[in-house]
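Asker: My questions all concern the structure below.
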Amino acid sequence: MPESRNRTAGAETDALFDRYTLPRVALTVILAVSLVGTWVTTRLEGGGPGLTVAKWEYFVALGVLTGGLVWKHLFVRPADLGTDAADYCAEMYERFDRIALGALAVLTASGVVVLGDYVAAFGPTPPAYGFGALLASFVAVGTATTVRSGPVEAQFRSPSGIGALALALALVAATAVAEVATRGFDPVAAVVRTLHLLAFAVWLGGAVWNIFVAVPTGQKRPTVAVVRAAGEQLERFRWAVRFVFPAIFLTGLYQAVDGLGTAPGTYLDSAVGLAVLAKVGFVGLLIVIFELCPMWRACSPIEGVCELDDLGGPGTDGGPATDDGPVGDGEVTGDD
């Protein structure tokens with residue numbers, strides 16, 4: 001019976017994967033939004049195309065790492081490391097480690113350019129040296145944590161993993177403050193910029209994890225335990241996204257008004273203003289995708305994620321679950 005159940009779930013999982021286009025579109029849109037936003041802020045600072053590309057690569061790499069570490073140590077919970085789901089979590093960690101190594105390489109290369117820009121703006125001052133030290137510390141700890149990965153139980157919320165996450169969050173905040181300080185420090189603008197970059201990092205890193213780590217790993221293991229673990233992790237990400245989208249939109253709107261004012265002509269008669277309007281349009285498209293995409297309603301290409309209550313997980317009315325499935329339920333199926 002378990003073998004038949006897995007074959008059924010696997011076939012339906014492959015069919016559902018064809019519907020996984022919208023999340024990828026959303027990821028493409030958020031990358032486009034970030035590129036436009038980076039160009040606007042760099043242009044206002046007087047920077048050229050090379051600096052824009054370097055900063056965009058830096059923001060994306062930092063977002064992938066920060067959001068991925070948030071998923072790894074916050075969205076994944078001890079209950080997910082059960083007998084059947086432990087291998088699923090271990091493979092997810094391995095996939096993320098490969099992505100993280102690439103992101104760390106990009107962060108290091110682009111970080112040198114970003115650091116050079118801050119040194120040029122502030123001079124060889126203690127804040128500039130402190131930023132460089134923080135960047136180097138995160139790269140070192142992040143690389144050591146990724147390369148020296150052990151059993152999944154040892155990696156889960158390990159001191160080095162939590163340390164890497166703390167350094168990532170601190171680097172996001174330091175980057176936000178430095179970005180604001182290049183135009184003259186304003187504490188309110190610094191807080192807004194920090195919230196903006198944190199929201200972007202959680203969304204981007206979480207989306208990359210879900211699309212390129214959780215989904216392909218889960219499709220290889222369409223068991224009840226994996227489906228339950230994947231669904232609960234996705235639900236935690238969905239909960240975060242409910243706050244991330246408004247945060248990105250509102251903080252982005254504040255930054256636009258703070259930098260360009262409220263005169264309509266400013267937005268319609270300049271390239272920077274039109275770019276800001278395009279960014280607002282992109283965010284609107286993201287909201288539409290959020291409403292349309294089945295993933296945002298707890299659906300996933302991993303079949304059964306949409307029916308967590310039917311799996312008999314903790315806190316549901318489906319009854320106690322066993323390693324083979326909930327009592328009285330013979331298959332992992334869905335109505336999608």
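Identifiers in this document derive from the order of the structure tokens: chains are assigned A, B, ..., residues are numbered from 1 separately in each chain, and ligands are numbered from 1 in order of occurrence.
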Give me the residues within 9 Å of Ala181 (chain A) as a PDB file with C-alpha atoms, in the first residue's frame, counting only C-alpha atoms and dropping any in the same chain fewer than 6 places off.
Answerer:
```pdb
ATOM      1  CA  ALA A 121      31.743  58.559   0.510  1.00  0.00           C
ATOM      2  CA  PHE A 122      32.824  58.471   4.171  1.00  0.00           C
ATOM      3  CA  ALA A 190      17.658  54.689   8.027  1.00  0.00           C
TER       4      ALA A 190
END
```
Asker: For region 202-233 of chain A versus region 65-84 of chain A, which residues have an atom no more than 10 Å away, and what is each residue's nearest atom pair and distance in Å rounded to one decimal, using only C-alpha atoms, chain-then-number order, as JSON lines?
Answerer:
```
{"residue": "A:Val202", "atom": "CA", "partner": "A:Gly67", "partner_atom": "CA", "distance": 4.2}
{"residue": "A:Trp203", "atom": "CA", "partner": "A:Gly67", "partner_atom": "CA", "distance": 6.7}
{"residue": "A:Leu204", "atom": "CA", "partner": "A:Gly67", "partner_atom": "CA", "distance": 6.5}
{"residue": "A:Gly205", "atom": "CA", "partner": "A:Gly67", "partner_atom": "CA", "distance": 3.6}
{"residue": "A:Gly206", "atom": "CA", "partner": "A:Gly67", "partner_atom": "CA", "distance": 5.1}
{"residue": "A:Ala207", "atom": "CA", "partner": "A:Gly67", "partner_atom": "CA", "distance": 8.3}
{"residue": "A:Val208", "atom": "CA", "partner": "A:Gly68", "partner_atom": "CA", "distance": 7.6}
{"residue": "A:Trp209", "atom": "CA", "partner": "A:Gly68", "partner_atom": "CA", "distance": 6.0}
{"residue": "A:Asn210", "atom": "CA", "partner": "A:Trp71", "partner_atom": "CA", "distance": 9.0}
{"residue": "A:Val213", "atom": "CA", "partner": "A:Gly68", "partner_atom": "CA", "distance": 9.6}
{"residue": "A:Arg221", "atom": "CA", "partner": "A:Asp84", "partner_atom": "CA", "distance": 9.4}
{"residue": "A:Thr223", "atom": "CA", "partner": "A:Asp84", "partner_atom": "CA", "distance": 8.0}
{"residue": "A:Val224", "atom": "CA", "partner": "A:Asp84", "partner_atom": "CA", "distance": 8.6}
{"residue": "A:Ala225", "atom": "CA", "partner": "A:Asp84", "partner_atom": "CA", "distance": 5.8}
{"residue": "A:Val226", "atom": "CA", "partner": "A:Asp84", "partner_atom": "CA", "distance": 6.9}
{"residue": "A:Arg228", "atom": "CA", "partner": "A:Asp80", "partner_atom": "CA", "distance": 8.3}
{"residue": "A:Ala229", "atom": "CA", "partner": "A:Asp80", "partner_atom": "CA", "distance": 5.3}
{"residue": "A:Ala230", "atom": "CA", "partner": "A:Asp80", "partner_atom": "CA", "distance": 8.4}
{"residue": "A:Glu232", "atom": "CA", "partner": "A:Phe75", "partner_atom": "CA", "distance": 8.3}
{"residue": "A:Gln233", "atom": "CA", "partner": "A:Phe75", "partner_atom": "CA", "distance": 5.4}
```
Asker: Which neighbours of region 255-268 of chain A fall inside 9 Å, counting only C-alpha atoms, when residues of the same chain fewer than 2 positions from it are skipped, and could you give them as number ranges by chain?
Answerer: A: 41, 44, 189, 192-193, 250-253, 270-277
Asker: CA of Gly47 (chain A) to CA of Thr194 (chain A): how many Å, to one decimal?
Answerer: 20.9 Å
Asker: Residues within 9 Å of Ala105 (chain A), please, as a VMD selection string. Count only C-alpha atoms; anything in the same chain fewer than 4 positions from it doesn't count.
Answerer: chain A and resid 61 100 to 101 109 to 110 139
Asker: Which residues are close to Gly150 (chain A), i.e. within 10 Å by only C-alpha atoms, leaving aside same-chain residues fewer than 6 positions away? Reply as an mmCIF file with all heavy atoms, in the first residue's frame.
Answerer:
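Final file, result_31.cif:
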```cif
data_model
loop_
_atom_site.group_PDB
_atom_site.id
_atom_site.type_symbol
_atom_site.label_atom_id
_atom_site.label_comp_id
_atom_site.auth_asym_id
_atom_site.auth_seq_id
_atom_site.Cartn_x
_atom_site.Cartn_y
_atom_site.Cartn_z
ATOM 1 N N ALA A 90 17.671 17.092 5.416
ATOM 2 C CA ALA A 90 19.107 16.994 5.156
ATOM 3 C C ALA A 90 19.424 17.309 3.703
ATOM 4 O O ALA A 90 20.401 18.018 3.409
ATOM 5 C CB ALA A 90 19.598 15.589 5.511
ATOM 6 N N TYR A 93 19.123 21.007 3.096
ATOM 7 C CA TYR A 93 20.304 21.719 3.590
ATOM 8 C C TYR A 93 21.456 21.611 2.600
ATOM 9 O O TYR A 93 22.188 22.573 2.368
ATOM 10 C CB TYR A 93 20.720 21.155 4.950
ATOM 11 C CG TYR A 93 19.878 21.641 6.111
ATOM 12 C CD1 TYR A 93 18.662 22.289 5.891
ATOM 13 C CD2 TYR A 93 20.286 21.441 7.423
ATOM 14 C CE1 TYR A 93 17.894 22.724 6.942
ATOM 15 C CE2 TYR A 93 19.512 21.881 8.497
ATOM 16 C CZ TYR A 93 18.319 22.524 8.248
ATOM 17 O OH TYR A 93 17.561 22.967 9.291
ATOM 18 N N GLU A 94 21.631 20.421 2.010
ATOM 19 C CA GLU A 94 22.706 20.235 1.036
ATOM 20 C C GLU A 94 22.478 21.109 -0.195
ATOM 21 O O GLU A 94 23.423 21.715 -0.716
ATOM 22 C CB GLU A 94 22.785 18.763 0.635
ATOM 23 C CG GLU A 94 23.283 17.841 1.745
ATOM 24 C CD GLU A 94 23.271 16.384 1.328
ATOM 25 O OE1 GLU A 94 22.940 16.120 0.152
ATOM 26 O OE2 GLU A 94 23.581 15.523 2.169
ATOM 27 N N PHE A 156 20.901 22.081 12.527
ATOM 28 C CA PHE A 156 19.668 22.793 12.860
ATOM 29 C C PHE A 156 19.869 23.705 14.064
ATOM 30 O O PHE A 156 20.152 23.250 15.162
ATOM 31 C CB PHE A 156 18.551 21.786 13.129
ATOM 32 C CG PHE A 156 17.247 22.432 13.510
ATOM 33 C CD1 PHE A 156 16.514 23.140 12.579
ATOM 34 C CD2 PHE A 156 16.768 22.337 14.801
ATOM 35 C CE1 PHE A 156 15.321 23.732 12.922
ATOM 36 C CE2 PHE A 156 15.576 22.927 15.157
ATOM 37 C CZ PHE A 156 14.848 23.627 14.219
#
```
Asker: Restricting the calculation to only C-alpha atoms, which member of A:Leu197, A:Ala136, A:Ala170, A:Ile211 is positioned closest to Gly37 (chain A)?
Answerer: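 Among the listed residues, A:Leu197 lies closest to Gly37 (chain A).
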Asker: For each of A:Ala140, A:Ala240, A:Gly46, A:Pro216, take the minimum atom-to-atom distance to Arg183 (chain A), counting only C-alpha atoms, then give the residue where this is smallest.
Answerer: A:Gly46
